[in-house]
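For reference, entry_14.txt (compact mmCIF, C-alpha atoms):
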```
# COMPACT_ATOMS: atom_id res chain seq x y z
CA MET A 1 -65.44 -41.03 1.29
CA VAL A 2 -64.20 -44.16 3.00
CA GLU A 3 -60.68 -43.35 1.91
CA LYS A 4 -60.78 -39.89 3.54
CA SER A 5 -62.06 -41.35 6.77
CA HIS A 6 -59.31 -43.96 6.71
CA THR A 7 -56.70 -41.30 5.93
CA ALA A 8 -57.91 -39.12 8.78
CA GLY A 9 -57.41 -42.05 11.14
CA TRP A 10 -53.76 -42.67 10.38
CA LEU A 11 -52.41 -39.23 9.45
CA PRO A 12 -52.45 -37.72 12.95
CA GLY A 13 -50.50 -40.68 14.32
CA MET A 14 -48.08 -40.64 11.43
CA PHE A 15 -47.29 -36.94 11.78
CA GLU A 16 -47.34 -36.81 15.59
CA PRO A 17 -43.52 -36.92 15.92
CA TRP A 18 -43.23 -33.94 13.54
CA SER A 19 -45.92 -32.01 15.39
CA SER A 20 -44.14 -32.63 18.66
CA LEU A 21 -40.84 -31.53 17.12
CA ARG A 22 -42.46 -28.35 15.76
CA ASN A 23 -43.73 -27.49 19.26
CA ARG A 24 -40.27 -28.03 20.76
CA ILE A 25 -38.68 -25.83 18.09
CA ALA A 26 -41.23 -23.08 18.80
CA ASP A 27 -40.38 -23.31 22.51
CA TRP A 28 -36.66 -23.10 21.67
CA PHE A 29 -37.12 -19.85 19.74
CA ALA A 30 -39.62 -18.34 22.21
CA PRO A 31 -38.08 -15.25 23.80
CA ALA A 32 -37.46 -15.23 27.53
CA SER A 33 -40.00 -13.16 29.42
CA GLU A 34 -41.13 -12.02 32.83
CA ALA A 35 -44.45 -10.66 34.05
CA SER A 36 -45.14 -8.28 36.91
CA THR A 37 -48.01 -6.23 38.28
CA THR A 38 -48.67 -2.92 39.97
CA ASP A 39 -51.91 -1.49 41.31
CA GLU A 40 -52.60 0.09 37.91
CA ALA A 41 -51.28 -2.37 35.31
CA TYR A 42 -49.67 -5.63 34.30
CA GLU A 43 -46.30 -5.57 32.54
CA ILE A 44 -44.70 -8.23 30.40
CA ASP A 45 -41.06 -7.87 29.38
CA LEU A 46 -39.65 -9.99 26.56
CA GLU A 47 -36.00 -10.22 25.56
CA LEU A 48 -35.78 -9.48 21.83
CA PRO A 49 -32.19 -8.43 21.14
CA GLY A 50 -31.57 -7.67 17.49
CA VAL A 51 -35.27 -7.61 16.56
CA ALA A 52 -36.39 -4.41 14.83
CA PRO A 53 -39.61 -2.84 16.17
CA ASP A 54 -41.13 -3.15 12.68
CA ASP A 55 -40.64 -6.94 12.93
CA ILE A 56 -42.69 -7.25 16.16
CA HIS A 57 -46.47 -7.75 16.11
CA VAL A 58 -48.49 -7.43 19.34
CA SER A 59 -52.21 -8.26 19.31
CA VAL A 60 -55.11 -9.33 21.48
CA GLU A 61 -56.87 -12.50 20.36
CA GLY A 62 -59.79 -13.44 22.58
CA ASN A 63 -58.44 -13.08 26.11
CA ASN A 64 -54.86 -13.73 25.03
CA LEU A 65 -52.02 -11.33 24.34
CA VAL A 66 -49.99 -12.58 21.38
CA VAL A 67 -46.47 -11.36 20.64
CA LYS A 68 -44.89 -12.61 17.43
CA GLY A 69 -42.24 -11.54 15.03
CA GLU A 70 -39.04 -12.46 13.31
CA LYS A 71 -35.36 -11.86 13.90
CA GLN A 72 -33.83 -11.27 10.48
CA SER A 73 -30.39 -12.59 9.59
CA GLU A 74 -27.84 -9.84 9.01
CA ARG A 75 -25.39 -12.02 7.10
CA THR A 76 -24.25 -10.95 3.69
CA GLY A 77 -22.37 -14.21 3.11
CA GLU A 78 -20.18 -12.86 0.32
CA GLY A 79 -16.49 -13.54 0.77
CA ARG A 80 -16.96 -14.88 4.28
CA SER A 81 -16.84 -18.41 5.68
CA TYR A 82 -18.31 -19.06 9.12
CA TYR A 83 -16.67 -21.53 11.49
CA PHE A 84 -19.61 -21.50 13.86
CA THR A 85 -22.60 -19.39 14.82
CA GLU A 86 -24.48 -19.25 18.10
CA ARG A 87 -26.88 -16.54 17.02
CA GLU A 88 -30.53 -17.41 16.50
CA TYR A 89 -32.69 -16.15 13.65
CA GLY A 90 -36.25 -16.85 12.64
CA SER A 91 -39.84 -16.46 13.70
CA PHE A 92 -41.04 -16.49 17.29
CA GLN A 93 -44.36 -16.33 19.09
CA ARG A 94 -45.45 -16.09 22.72
CA THR A 95 -49.04 -16.16 23.97
CA PHE A 96 -50.07 -14.90 27.40
CA ARG A 97 -53.53 -15.40 28.92
CA LEU A 98 -54.88 -12.06 30.09
CA PRO A 99 -56.40 -11.74 33.58
CA ALA A 100 -60.11 -10.96 33.89
CA ASP A 101 -59.38 -7.38 35.03
CA ALA A 102 -57.13 -6.54 32.04
CA ASP A 103 -58.30 -3.49 30.07
CA THR A 104 -57.65 -4.60 26.50
CA ASP A 105 -58.44 -1.08 25.24
CA LYS A 106 -55.44 0.27 27.13
CA ILE A 107 -52.39 -1.69 26.02
CA SER A 108 -49.09 -0.12 25.04
CA ALA A 109 -45.79 -1.59 23.86
CA ASP A 110 -42.31 -0.16 23.46
CA THR A 111 -38.77 -1.41 23.02
CA LYS A 112 -35.57 -0.28 24.66
CA ASN A 113 -32.17 -1.97 24.71
CA GLY A 114 -33.50 -5.18 23.17
CA VAL A 115 -36.39 -5.57 25.61
CA LEU A 116 -40.04 -5.27 24.58
CA THR A 117 -42.28 -4.01 27.38
CA VAL A 118 -46.02 -4.53 27.03
CA ARG A 119 -48.16 -2.66 29.55
CA ILE A 120 -51.78 -3.73 30.08
CA ALA A 121 -53.89 -1.41 32.21
CA LYS A 122 -56.20 -2.88 34.82
CA LEU A 123 -59.90 -2.13 34.69
CA VAL A 124 -60.89 0.51 37.21
CA GLU A 125 -63.42 -0.83 39.64
CA GLN A 126 -66.35 1.47 39.97
CA ASP A 127 -68.68 1.39 42.92
CA THR A 128 -71.95 0.49 41.26
CA SER A 129 -73.88 0.03 44.47
CA ARG A 130 -76.53 2.53 45.43
CA ARG A 131 -79.43 2.61 47.81
CA ILE A 132 -82.92 2.17 46.42
CA ASP A 133 -85.67 3.93 48.28
CA VAL A 134 -88.69 1.83 49.07
CA SER A 135 -91.95 3.71 48.68
CA LYS A 136 -95.08 3.06 50.67
CA GLY A 137 -97.75 1.56 48.49
```
Step by step, read the file and then write its structure as structure tokens.
Amino acid sequence: MVEKSHTAGWLPGMFEPWSSLRNRIADWFAPASEASTTDEAYEIDLELPGVAPDDIHVSVEGNNLVVKGEKQSERTGEGRSYYFTEREYGSFQRTFRLPADADTDKISADTKNGVLTVRIAKLVEQDTSRRIDVSKG
């Protein structure tokens, strides 16, 4: 037991540079995005050129919208030597905190021309006030 406690004390410090590097790599591969709003909904657009719709996963986790997926490499590699490549491949993930008035039951997502658009409806405010008659007792 003492050994585990001792290990727990030095492992986080030892692996901190790697954890920091992992976070920077995730930021590097995170797709560019923009968010906007209308009276009826919020919209988030993410640039995902070359990513197949089947490789995109959109979910709600708590009060967060999570978009993750993977851009697959299209290289065959046979009989070809590459001098350089500027294309990016691999997994990505973006998390967006949802506003309090987001209707998580009414979320849609579609892709067009390499852009994923996620539309989150806003909750419809209902007037719940009413007058209560006071009776004479």
I want to know what sits within 10 Å of Ser36 of chain A, based on only C-alpha atoms, with residues of the same chain fewer than 6 positions away left out; could you give that as a ChimeraX atom specification?
/A:42-45,119
Store the residues of this selection in a file with C-alpha atoms, as an mmCIF file, in the coordinates of the input.
```
data_model
loop_
_atom_site.group_PDB
_atom_site.id
_atom_site.type_symbol
_atom_site.label_atom_id
_atom_site.label_comp_id
_atom_site.auth_asym_id
_atom_site.auth_seq_id
_atom_site.Cartn_x
_atom_site.Cartn_y
_atom_site.Cartn_z
ATOM 1 C CA TYR A 42 -49.670 -5.630 34.300
ATOM 2 C CA GLU A 43 -46.300 -5.570 32.540
ATOM 3 C CA ILE A 44 -44.700 -8.230 30.400
ATOM 4 C CA ASP A 45 -41.060 -7.870 29.380
ATOM 5 C CA ARG A 119 -48.160 -2.660 29.550
#
```
Distance query Ala52 of chain A at most 8 Å, all atoms listed in the file, self and fewer than 3 positions along chain excluded, as a ChimeraX atom specification
/A:55-56,71
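Coordinates place atom CA of Phe92 of chain A at a distance of 10.4 Å from atom CA of His57 of chain A.
Proximity of A:Ile107, A:Leu98, A:Val134, A:Thr128 to Gly62 of chain A, computed with only C-alpha atoms, is greatest for A:Leu98.
Neighbours of Arg94 of chain A closer than or equal to 8 Å, with all atoms listed in the file counted and sequence neighbours fewer than 4 positions away skipped, come out as Ala30, Pro31, Val66, Val67 and Lys68 of chain A.
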